[in-house]
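What follows is the content of final16.cif, which has mmCIF, C-alpha atoms and all ligand atoms:
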data_work
loop_
_atom_site.label_atom_id
_atom_site.label_comp_id
_atom_site.auth_asym_id
_atom_site.auth_seq_id
_atom_site.Cartn_x
_atom_site.Cartn_y
_atom_site.Cartn_z
CA MET X 113 56.82 95.89 107.57
CA SER X 114 56.65 99.04 109.57
CA PHE X 115 55.35 102.38 108.34
CA PRO X 116 56.15 105.03 107.31
CA GLN X 117 58.70 103.27 105.14
CA LEU X 118 61.24 104.64 102.73
CA ASP X 119 62.22 102.39 99.82
CA ILE X 120 65.74 103.15 98.64
CA TYR X 121 66.87 101.96 95.22
CA LEU X 122 70.59 101.46 95.78
CA ASN X 123 71.52 100.23 92.30
CA ASN X 124 69.94 103.25 90.68
CA ILE X 125 71.89 105.58 92.92
CA SER X 126 75.11 103.71 92.22
CA GLU X 127 74.48 103.80 88.48
CA ASN X 128 73.75 107.53 88.53
CA ALA X 129 76.99 108.14 90.42
CA LYS X 130 79.00 106.04 87.99
CA LYS X 131 77.44 107.69 84.96
CA LEU X 132 78.10 111.19 86.22
CA ARG X 133 81.66 110.34 87.22
CA GLN X 134 82.37 108.97 83.76
CA GLU X 135 80.69 111.86 81.95
CA LEU X 136 82.75 114.34 83.95
CA GLU X 137 85.97 112.38 83.47
CA LEU X 138 85.58 112.79 79.72
CA GLU X 139 85.65 116.56 80.32
CA ASN X 140 88.59 116.32 82.75
CA ILE X 141 86.40 117.32 85.65
CA LYS X 142 86.75 115.62 89.00
CA LEU X 143 83.44 114.69 90.60
CA THR X 144 83.04 115.36 94.28
CA ALA X 145 79.95 113.45 95.31
CA VAL X 146 77.97 115.47 97.83
CA VAL X 147 76.59 112.94 100.28
CA LYS X 148 74.97 115.26 102.82
CA GLY X 149 71.45 114.25 101.75
CA PHE X 150 71.24 110.88 103.47
CA ALA X 151 72.34 111.41 107.07
CA GLY X 152 75.45 109.23 106.90
CA ASP X 153 73.58 106.07 105.93
CA LEU X 154 76.26 103.43 105.33
CA ARG X 155 74.22 101.27 102.94
CA ILE X 156 73.73 104.21 100.59
CA PHE X 157 77.35 105.22 101.06
CA LYS X 158 78.42 101.75 99.95
CA ALA X 159 76.45 102.25 96.72
CA TYR X 160 78.60 105.34 96.09
CA GLN X 161 81.81 103.46 96.76
CA GLU X 162 80.79 100.74 94.33
CA SER X 163 80.41 103.39 91.65
CA GLY X 164 84.10 104.26 91.87
CA ILE X 165 83.67 107.67 93.52
CA GLN X 166 86.95 108.88 95.03
CA SER X 167 85.99 112.24 96.42
CA ILE X 168 83.06 113.01 98.71
CA ALA X 169 81.73 116.04 100.52
CA ASP X 170 79.49 116.23 103.57
CA SER X 171 78.47 119.04 105.83
CA ARG X 172 78.29 117.10 109.08
CA ILE X 173 81.25 115.72 110.98
CA GLU X 174 79.05 112.96 112.43
CA ASN X 175 78.57 111.54 108.93
CA ILE X 176 82.20 111.99 107.92
CA LYS X 177 83.35 110.08 111.01
CA LYS X 178 81.02 107.21 110.15
CA PHE X 179 82.39 106.96 106.61
CA ARG X 180 85.98 106.96 107.87
CA GLU X 181 85.21 104.40 110.53
CA ALA X 182 83.62 102.20 107.86
CA GLY X 183 86.96 102.21 106.06
CA TYR X 184 86.65 105.01 103.49
CA ARG X 185 90.16 106.29 102.73
CA ASP X 186 89.71 108.59 99.72
CA GLU X 187 89.18 112.34 99.68
CA VAL X 188 86.80 114.05 102.09
CA LEU X 189 85.82 117.69 101.62
CA MET X 190 84.16 119.58 104.46
CA LEU X 191 81.29 121.13 102.56
CA ARG X 192 79.83 123.52 105.04
CA ILE X 193 82.26 126.25 106.03
CA PRO X 194 83.29 124.93 109.44
CA MET X 195 82.22 126.22 112.83
CA LEU X 196 85.19 127.46 114.86
CA SER X 197 83.98 125.18 117.62
CA GLU X 198 84.34 122.01 115.51
CA ILE X 199 87.67 122.60 113.80
CA LYS X 200 89.79 120.54 116.20
CA GLU X 201 87.35 117.68 115.87
CA ILE X 202 87.09 117.68 112.08
CA VAL X 203 90.69 118.18 111.00
CA PRO X 204 91.82 114.59 111.67
CA TYR X 205 89.02 113.30 109.40
CA ILE X 206 89.16 115.61 106.40
CA ASP X 207 91.49 116.39 103.50
CA ALA X 208 89.98 119.66 102.40
CA SER X 209 87.52 122.33 103.43
CA LEU X 210 85.62 125.21 101.93
CA VAL X 211 86.40 128.50 103.71
CA THR X 212 85.34 132.14 103.65
CA GLU X 213 86.75 133.50 106.93
CA ALA X 214 90.38 134.27 107.85
CA LYS X 215 89.77 133.27 111.45
CA THR X 216 88.54 129.85 110.36
CA ALA X 217 91.58 129.35 108.11
CA GLU X 218 93.87 130.25 111.01
CA LEU X 219 92.30 127.69 113.32
CA ILE X 220 92.39 125.01 110.62
CA SER X 221 96.08 125.84 110.14
CA LYS X 222 96.77 125.38 113.86
CA ALA X 223 94.82 122.14 114.11
CA ALA X 224 96.46 120.78 110.95
CA GLU X 225 99.93 121.52 112.31
CA ALA X 226 99.04 119.79 115.57
CA ALA X 227 97.83 116.77 113.59
CA ALA X 228 100.95 116.89 111.36
CA LYS X 229 98.90 117.11 108.16
CA VAL X 230 98.15 119.62 105.42
CA ILE X 231 94.55 120.62 104.71
CA ASP X 232 93.57 121.91 101.28
CA LEU X 233 91.46 125.04 101.40
CA ILE X 234 89.06 126.24 98.73
CA ILE X 235 87.83 129.81 99.06
CA MET X 236 84.16 130.16 98.28
CA VAL X 237 83.26 133.30 96.37
CA ASP X 238 79.76 134.74 96.36
CA ILE X 239 78.97 135.63 92.79
CA GLY X 240 75.30 136.27 93.35
CA ASP X 241 73.40 133.66 95.35
CA ARG X 242 74.17 135.34 98.69
CA ARG X 243 74.68 132.20 100.72
CA GLU X 244 78.28 131.45 101.75
CA GLY X 245 81.12 133.16 99.92
CA ILE X 246 83.49 136.07 100.14
CA LEU X 247 82.84 139.05 97.87
CA ALA X 248 85.23 139.38 94.94
CA ASP X 249 86.92 142.50 96.33
CA ASN X 250 88.05 140.66 99.45
CA LEU X 251 89.23 137.50 97.74
CA GLU X 252 92.88 138.43 97.38
CA GLY X 253 93.21 139.41 101.04
CA LEU X 254 91.98 136.03 102.25
CA ALA X 255 94.06 134.18 99.66
CA GLN X 256 97.27 135.97 100.76
CA LYS X 257 96.44 135.21 104.36
CA ILE X 258 96.06 131.49 103.61
CA GLU X 259 99.30 131.50 101.58
CA SER X 260 101.10 132.72 104.69
CA LEU X 261 99.76 130.00 106.99
CA PRO X 262 101.45 126.66 107.70
CA GLY X 263 99.48 123.42 107.61
CA VAL X 264 97.10 124.61 104.90
CA ARG X 265 97.36 124.90 101.14
CA LEU X 266 95.26 127.17 98.97
CA LYS X 267 93.95 124.72 96.42
CA GLY X 268 91.62 127.00 94.52
CA ILE X 269 88.39 128.90 94.53
CA GLY X 270 84.81 127.85 94.12
CA THR X 271 81.26 129.00 94.17
CA ASN X 272 77.81 127.75 94.89
CA LEU X 273 74.63 128.98 93.26
CA GLY X 274 70.96 128.20 93.45
CA CYS X 275 70.73 127.36 97.13
CA PHE X 276 69.49 130.56 98.73
CA ALA X 277 68.42 133.17 96.21
CA GLY X 278 67.94 130.52 93.53
CA ILE X 279 70.40 132.14 91.14
CA ILE X 280 70.98 129.82 88.18
CA PRO X 281 74.52 128.90 87.10
CA ASP X 282 75.07 130.24 83.58
CA GLN X 283 77.91 131.15 81.25
CA LYS X 284 78.04 134.72 82.51
CA ASN X 285 78.47 134.02 86.22
CA THR X 286 80.82 131.11 85.45
CA GLN X 287 82.99 133.42 83.36
CA HIS X 288 83.05 135.88 86.25
CA LEU X 289 84.48 133.15 88.48
CA ILE X 290 87.08 132.21 85.88
CA ASN X 291 88.21 135.83 85.62
CA LEU X 292 88.52 136.06 89.38
CA LYS X 293 90.71 132.97 89.43
CA LYS X 294 92.98 134.33 86.70
CA LYS X 295 93.34 137.66 88.45
CA LEU X 296 94.14 135.95 91.72
CA GLU X 297 96.71 133.66 90.09
CA ALA X 298 98.45 136.72 88.65
CA LYS X 299 98.58 138.32 92.10
CA LEU X 300 99.83 135.16 93.81
CA GLY X 301 102.31 134.41 91.06
CA ARG X 302 101.25 130.78 90.77
CA GLU X 303 98.49 128.66 89.33
CA LEU X 304 95.69 127.37 91.49
CA GLU X 305 94.86 123.72 91.15
CA ILE X 306 91.10 123.85 91.05
CA LEU X 307 88.08 125.83 90.13
CA SER X 308 85.22 124.18 91.95
CA ALA X 309 81.66 124.60 90.79
CA GLY X 310 78.40 123.22 91.98
CA ASN X 311 75.84 121.99 92.15
CA THR X 312 73.35 119.83 90.29
CA ALA X 313 72.04 122.92 88.46
CA THR X 314 75.43 123.19 86.72
CA ILE X 315 74.97 119.84 84.95
CA ARG X 316 72.62 121.56 82.53
CA LEU X 317 75.60 123.56 81.21
CA LEU X 318 77.57 120.36 80.82
CA LYS X 319 74.77 118.73 78.83
CA ASP X 320 74.48 121.79 76.60
CA GLN X 321 78.27 121.79 76.17
CA GLN X 322 78.38 125.22 77.69
CA LEU X 323 80.37 124.39 80.77
CA ALA X 324 83.65 126.32 80.72
CA ARG X 325 86.66 124.03 80.45
CA GLU X 326 88.36 125.95 83.26
CA ILE X 327 86.03 124.22 85.72
CA SER X 328 87.98 121.29 87.12
CA ASN X 329 85.79 120.11 89.96
CA LEU X 330 82.04 119.71 90.30
CA ARG X 331 80.27 119.12 93.61
CA VAL X 332 77.02 117.25 92.96
CA GLY X 333 74.41 115.71 95.24
CA GLU X 334 70.84 115.77 93.98
CA ALA X 335 71.52 114.52 90.44
CA ILE X 336 72.99 111.30 91.82
CA LEU X 337 70.41 110.65 94.50
CA LEU X 338 67.28 111.65 92.60
CA GLY X 339 68.21 112.28 88.98
CA THR X 340 66.40 115.60 89.30
CA ASP X 341 67.46 119.24 89.02
CA ILE X 342 65.16 121.21 91.26
CA ILE X 343 66.63 124.62 90.39
CA ASN X 344 66.04 124.19 86.67
CA GLN X 345 62.88 122.18 87.44
CA SER X 346 63.79 119.25 85.28
CA LEU X 347 64.60 115.56 85.21
CA ILE X 348 68.13 114.82 84.05
CA ASP X 349 68.04 112.79 80.84
CA ASP X 350 69.25 109.19 81.01
CA TYR X 351 69.51 109.19 84.80
CA HIS X 352 67.43 107.09 87.18
CA HIS X 353 64.79 109.39 88.64
CA TYR X 354 63.28 109.42 92.13
CA ASN X 355 65.32 106.69 93.75
CA PHE X 356 63.47 107.04 97.03
CA ARG X 357 59.81 106.19 97.58
CA LEU X 358 57.75 106.85 100.68
CA GLN X 359 55.04 104.45 101.83
CA ALA X 360 52.56 105.62 104.43
CA GLU X 361 49.42 104.15 105.96
CA ILE X 362 45.90 105.57 105.95
CA VAL X 363 44.58 105.90 109.51
CA GLU X 364 41.36 107.78 108.75
CA LEU X 365 39.20 107.93 105.66
CA LYS X 366 36.06 110.06 105.69
CA GLU X 367 33.88 112.39 103.73
CA LYS X 368 34.28 115.84 105.26
CA PRO X 369 33.41 119.38 104.32
CA SER X 370 36.50 120.90 102.73
CA ASN X 371 35.69 124.20 104.39
CA PRO X 372 37.00 124.56 107.96
CA GLU X 373 34.52 125.63 110.62
CA GLY X 374 35.01 128.12 113.47
CA GLU X 375 37.21 131.10 114.10
CA MET X 376 40.54 130.68 112.35
CA ALA X 377 43.73 131.35 114.32
CA PHE X 378 46.34 133.36 112.40
CA GLU X 379 44.71 132.50 109.09
CA GLY X 380 45.19 128.76 109.44
CA GLN X 381 48.15 128.32 111.79
CA GLY X 382 49.85 131.46 110.59
CA ARG X 383 50.50 130.09 107.14
CA GLY X 384 48.19 132.56 105.50
CA GLN X 385 46.47 129.71 103.76
CA ILE X 386 43.23 130.12 101.94
CA ILE X 387 41.17 126.98 101.95
CA GLU X 388 38.97 126.62 98.94
CA ASP X 389 35.42 125.45 99.58
CA LYS X 390 34.98 122.42 97.36
CA GLY X 391 32.02 121.03 99.28
CA LEU X 392 32.11 117.49 100.64
CA ARG X 393 35.37 115.74 99.89
CA ARG X 394 36.83 112.33 100.70
CA ARG X 395 39.86 112.77 102.91
CA ALA X 396 42.53 110.32 103.87
CA ILE X 397 44.69 111.04 106.88
CA LEU X 398 48.05 109.22 106.82
CA ALA X 399 50.36 108.39 109.69
CA VAL X 400 53.36 110.44 108.62
CA GLY X 401 54.10 114.09 109.33
CA LYS X 402 56.47 116.99 109.43
CA GLN X 403 58.80 115.03 111.70
CA ASP X 404 59.33 112.58 108.86
CA ILE X 405 58.92 114.42 105.59
CA ASP X 406 58.55 117.80 103.93
CA TYR X 407 55.01 117.47 102.61
CA HIS X 408 55.65 120.00 99.84
CA GLY X 409 57.95 117.42 98.28
CA LEU X 410 55.55 114.48 98.08
CA TYR X 411 54.27 113.35 94.69
CA PRO X 412 51.49 110.74 95.08
CA GLU X 413 51.87 107.76 92.77
CA LEU X 414 48.16 106.97 92.76
CA GLU X 415 46.42 109.27 90.33
CA GLY X 416 43.83 111.60 91.83
CA VAL X 417 45.46 111.88 95.27
CA GLU X 418 46.21 115.44 96.35
CA VAL X 419 48.38 116.38 99.32
CA LEU X 420 46.70 119.18 101.29
CA GLY X 421 49.10 119.65 104.16
CA ALA X 422 50.62 118.13 107.25
CA SER X 423 51.07 118.56 110.96
CA SER X 424 53.85 116.95 113.02
CA ASP X 425 52.47 113.44 112.73
CA HIS X 426 49.65 113.54 110.18
CA LEU X 427 49.45 113.99 106.45
CA ILE X 428 46.15 115.25 105.10
CA THR X 429 45.19 114.22 101.58
CA ASP X 430 42.17 114.56 99.32
CA VAL X 431 41.40 111.24 97.65
CA THR X 432 37.99 112.06 96.20
CA ASP X 433 39.28 111.65 92.64
CA ALA X 434 41.49 108.62 93.34
CA ALA X 435 40.78 105.47 91.39
CA GLY X 436 39.77 102.27 93.19
CA ASP X 437 38.34 101.67 96.64
CA LEU X 438 40.67 102.95 99.29
CA GLU X 439 40.27 101.69 102.85
CA VAL X 440 41.67 102.48 106.26
CA GLY X 441 44.91 100.49 106.57
CA ASP X 442 45.80 100.91 102.90
CA ILE X 443 49.22 102.17 101.96
CA LEU X 444 49.75 105.18 99.70
CA THR X 445 53.10 105.66 97.97
CA PHE X 446 54.88 108.85 97.00
CA LYS X 447 57.84 109.90 94.95
CA ILE X 448 59.76 112.47 96.94
CA ASN X 449 61.97 115.47 96.28
CA TYR X 450 65.33 116.33 97.85
CA SER X 451 63.92 118.14 100.82
CA ALA X 452 61.48 115.33 101.67
CA MET X 453 64.30 112.78 101.22
CA LEU X 454 66.51 114.76 103.60
CA ARG X 455 63.82 114.77 106.26
CA ALA X 456 62.93 111.09 105.77
CA MET X 457 66.57 110.04 106.01
CA THR X 458 67.01 112.10 109.16
CA SER X 459 63.82 110.87 110.87
CA GLN X 460 64.34 107.88 113.14
CA TYR X 461 60.64 107.09 112.74
CA VAL X 462 60.90 106.24 109.03
CA THR X 463 61.88 102.63 108.36
CA LYS X 464 64.55 102.33 105.67
CA ASN X 465 64.00 99.54 103.18
CA TYR X 466 67.01 98.96 100.90
CA ILE X 467 66.40 97.56 97.45
CA GLU X 468 69.49 96.27 95.64
C1 LIG X 501 74.69 120.89 98.83
C2 LIG X 501 75.84 121.48 98.16
C3 LIG X 501 76.21 121.03 96.88
C4 LIG X 501 75.41 119.99 96.13
O1 LIG X 501 74.16 120.46 95.75
P1 LIG X 501 73.13 119.57 94.89
O2 LIG X 501 72.13 120.54 94.42
O3 LIG X 501 72.58 118.55 95.81
O4 LIG X 501 73.89 118.96 93.78
C5 LIG X 501 77.34 121.57 96.31
N1 LIG X 501 78.07 122.52 96.94
C6 LIG X 501 77.74 122.99 98.17
C7 LIG X 501 78.59 124.02 98.81
C8 LIG X 501 76.61 122.49 98.81
O5 LIG X 501 76.28 122.97 100.02
#
Could the structure of this file be written out as structure tokens, please?
Amino acid sequence: MSFPQLDIYLNNISENAKKLRQELELENIKLTAVVKGFAGDLRIFKAYQESGIQSIADSRIENIKKFREAGYRDEVLMLRIPMLSEIKEIVPYIDASLVTEAKTAELISKAAEAAAKVIDLIIMVDIGDRREGILADNLEGLAQKIESLPGVRLKGIGTNLGCFAGIIPDQKNTQHLINLKKKLEAKLGRELEILSAGNTATIRLLKDQQLAREISNLRVGEAILLGTDIINQSLIDDYHHYNFRLQAEIVELKEKPSNPEGEMAFEGQGRGQIIEDKGLRRRAILAVGKQDIDYHGLYPELEGVEVLGASSDHLITDVTDAAGDLEVGDILTFKINYSAMLRAMTSQYVTKNYIE
């Protein structure tokens, strides 16, 4: 064994994927499994394939290439609106892409023609979260532009919420998107094949039977991987939760004053932190750090352990209230959130331990 180690529960992930796919099928919604959270790991990808997923989305061409080279033949959606500089490289590997810029659509059109294929384009509309997306007033212009280009097909429109401003998908903003699609269809004189919504936060509407039936595609990542919904701060009922677990080793264990001593630079490394004086506390330092995890997303499994912070290679915890006798060399385990999972999967220093 080599630490830090990430235990990955493959069956749970596969079962979550299958369950979601089936639930959505009942509503005539196609699931696009967003696989950007695990850095192209082929063992995890296999768990998705076993669940019968036939449409995936990733934001990195490196991952998409790996999946194709491992024999995946079904639909691939480029999830991040592409860089102009990568379009030539990605077009041979993808079936569809999200877009918001005319220039990007033009280059995809050129590359698609050169590769003798047709790429489906989905225009992302910003209905409030202020990450990627064209504003409603400019939607028709871009749509008409795409209609005029060879090698690409306007497949529909979509939106993404929750990721930047934390705006929650609800009936009101969903209805706004539906109206935009209808208006656009009237202008174009044809129906658009899909209305693509995301992400995990939208599942809540599905469960409450409030998801508009006009939605025909859902892009979901977190719910499958972790069974959690960070935006609505909830666990998704009947799903396997926290399918990744971090194990890290204690390298120092000492009673120390909780209060720092000396002149503080930029209020504690510029983080504006206020350190509460709790007197003498028992501290465990673990050999895992910001290079490997996002410490804000660590939930200790041993009761009484509190994560205080991290530097590049060290995690600082307070174990004063932890049960049992901890020793240097002991392993502490943590459930982790999406952001910590992302970092752990990306770090070459974290050993991956697959559990079937
Ligand atoms: C990441 C992402 C998703 C999936 O989000 P989850 O919260 O992981 O379900 C969907 N759509 C877009 C555009 C994304 O970037």
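If one restricts the calculation to only C-alpha atoms and all ligand atoms, the set of residues situated within 7 Å of ligand LIG 501 (chain X) consists of Val146, Lys148, Leu191, Arg192, Asn272, Gly310, Asn311, Thr312, Ala313, Arg331, Val332, Gly333, Glu334 and Ala335 of chain X.
Of the listed residues X:Gln256, X:Pro116, X:Ile165, X:Ile141, the one whose atoms come nearest to X:His426 is X:Pro116, with distances taken using only C-alpha atoms.
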Residues within 12 Å of X:Lys222, please, as a JSON list (two decimals) with C-alpha atoms, keeping the file's coordinate frame. Count all atoms listed in the file; anything in the same chain fewer than 5 positions from it doesn't count.
[["chain", "number", "residue", "atom", "x", "y", "z"],
["X", 196, "LEU", "CA", 85.19, 127.46, 114.86],
["X", 199, "ILE", "CA", 87.67, 122.60, 113.80],
["X", 200, "LYS", "CA", 89.79, 120.54, 116.20],
["X", 203, "VAL", "CA", 90.69, 118.18, 111.00],
["X", 215, "LYS", "CA", 89.77, 133.27, 111.45],
["X", 216, "THR", "CA", 88.54, 129.85, 110.36],
["X", 217, "ALA", "CA", 91.58, 129.35, 108.11],
["X", 227, "ALA", "CA", 97.83, 116.77, 113.59],
["X", 228, "ALA", "CA", 100.95, 116.89, 111.36],
["X", 229, "LYS", "CA", 98.90, 117.11, 108.16],
["X", 230, "VAL", "CA", 98.15, 119.62, 105.42],
["X", 231, "ILE", "CA", 94.55, 120.62, 104.71],
["X", 258, "ILE", "CA", 96.06, 131.49, 103.61],
["X", 261, "LEU", "CA", 99.76, 130.00, 106.99],
["X", 262, "PRO", "CA", 101.45, 126.66, 107.70],
["X", 263, "GLY", "CA", 99.48, 123.42, 107.61],
["X", 264, "VAL", "CA", 97.10, 124.61, 104.90]]
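Each of X:Arg357, X:Arg265, X:Lys142, X:His352 was checked against X:Val462 using all atoms listed in the file; the smallest atom-to-atom distance is that of X:Arg357.
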- Can you pull out every residue within 9 Å of X:Asn449, counting all atoms listed in the file, but drop anything in the same chain fewer than 2 positions away, and send it as JSON, numbers by chain? {"X": [338, 340, 342, 354, 356, 406, 408, 409, 410, 411, 447, 451, 452, 453, 454]}
- Task: Counting only C-alpha atoms, find the residues whose atoms lie at most 12 Å from (85.6, 104.7, 91.8) (file coordinates) and write them out as a list in words.
- Result: Ser126, Glu127, Ala129, Lys130, Lys131, Leu132, Arg133, Gln134, Glu137, Lys142, Leu143, Thr144, Ala145, Lys158, Ala159, Tyr160, Gln161, Glu162, Ser163, Gly164, Ile165, Gln166, Ser167, Ile168, Tyr184, Arg185, Asp186 and Glu187 of chain X
- Task: For X:Glu139, list every protein, DNA or RNA residue within 9 Å, evaluated using all atoms listed in the file, and leave out those in the same chain fewer than 3 positions away; present the list as a VMD selection string.
- Result: chain X and resid 134 to 136 142 318 325 328
Mind working out the centre and edge lengths of an axis-aligned box for stretch 312-331 of chain X, all listed atoms inside, 3 Å added to each side, rounded to one decimal in Å and written as lines of an AutoDock Vina configuration file?
center_x = 80.2
center_y = 122.5
center_z = 84.9
size_x = 22.3
size_y = 13.6
size_z = 23.4
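Closest approach to X:Phe115 among X:Ser423, X:Gln359, X:Glu418, X:Asp442: X:Gln359, based on all atoms listed in the file.
The spacing separating atom CA of X:Thr271 from atom CA of X:Leu323 amounts to 14.2 Å.
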- Note on the structure: From the list X:Asp238, X:Asp320, X:Asp170, X:Asp349, the nearest residue to X:Leu292 using only C-alpha atoms is X:Asp238
Test item: residues at most 9 Å from X:Ile279, all atoms listed in the file, excluding those fewer than 5 positions along its chain, as an mmCIF file with C-alpha atoms, keeping the file's coordinate frame:
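Dumped everything to part11.cif:
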data_model
loop_
_atom_site.group_PDB
_atom_site.id
_atom_site.type_symbol
_atom_site.label_atom_id
_atom_site.label_comp_id
_atom_site.auth_asym_id
_atom_site.auth_seq_id
_atom_site.Cartn_x
_atom_site.Cartn_y
_atom_site.Cartn_z
ATOM 1 C CA GLY X 240 75.300 136.270 93.350
ATOM 2 C CA ASP X 241 73.400 133.660 95.350
ATOM 3 C CA LEU X 273 74.630 128.980 93.260
ATOM 4 C CA GLY X 274 70.960 128.200 93.450
ATOM 5 C CA ILE X 343 66.630 124.620 90.390
#
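When all atoms listed in the file are used to measure the gap to X:Ile125, the shortest distance among X:Ser171, X:Thr212, X:Asn355, X:Gln322 belongs to X:Asn355.
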List every residue of stretch 328-364 of chain X that has an atom at most 7 Å from any atom of stretch 386-405 of chain X, and for each one report the closest atom pair and its distance in Å to one decimal, counting only C-alpha atoms, with rows sorted by chain and then by increasing residue number, as JSON lines.
{"residue": "X:Ala360", "atom": "CA", "partner": "X:Leu398", "partner_atom": "CA", "distance": 6.2}
{"residue": "X:Glu361", "atom": "CA", "partner": "X:Leu398", "partner_atom": "CA", "distance": 5.3}
{"residue": "X:Ile362", "atom": "CA", "partner": "X:Leu398", "partner_atom": "CA", "distance": 4.3}
{"residue": "X:Val363", "atom": "CA", "partner": "X:Leu398", "partner_atom": "CA", "distance": 5.5}
{"residue": "X:Glu364", "atom": "CA", "partner": "X:Ile397", "partner_atom": "CA", "distance": 5.0}
Now that the selection is made, can you save its residues with C-alpha atoms as a PDB file, in the coordinates of the input?
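Saved as result-v3.pdb:
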ATOM      1  CA  ALA X 360      52.560 105.620 104.430  1.00  0.00           C
ATOM      2  CA  GLU X 361      49.420 104.150 105.960  1.00  0.00           C
ATOM      3  CA  ILE X 362      45.900 105.570 105.950  1.00  0.00           C
ATOM      4  CA  VAL X 363      44.580 105.900 109.510  1.00  0.00           C
ATOM      5  CA  GLU X 364      41.360 107.780 108.750  1.00  0.00           C
TER       6      GLU X 364
END
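Those residues that approach X:Arg180 to within 12 Å, counting all atoms listed in the file, are Gly152, Leu154, Phe157, Ile168, Ile173, Glu174, Asn175, Ile176, Lys177, Gly183, Tyr184, Arg185, Asp186, Glu187, Val188, Ile202, Pro204, Tyr205, Ile206 and Asp207 of chain X; same-chain residues fewer than 3 positions away are not listed.
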- Message: If I take atom CA of X:Ser459 and atom CA of X:Asp425, how far is one from the other in Å, to one decimal?
- Response: 11.8 Å
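Pairwise distance (atom CA of X:Ala277, atom CA of X:Asn344) equals 13.3 Å.
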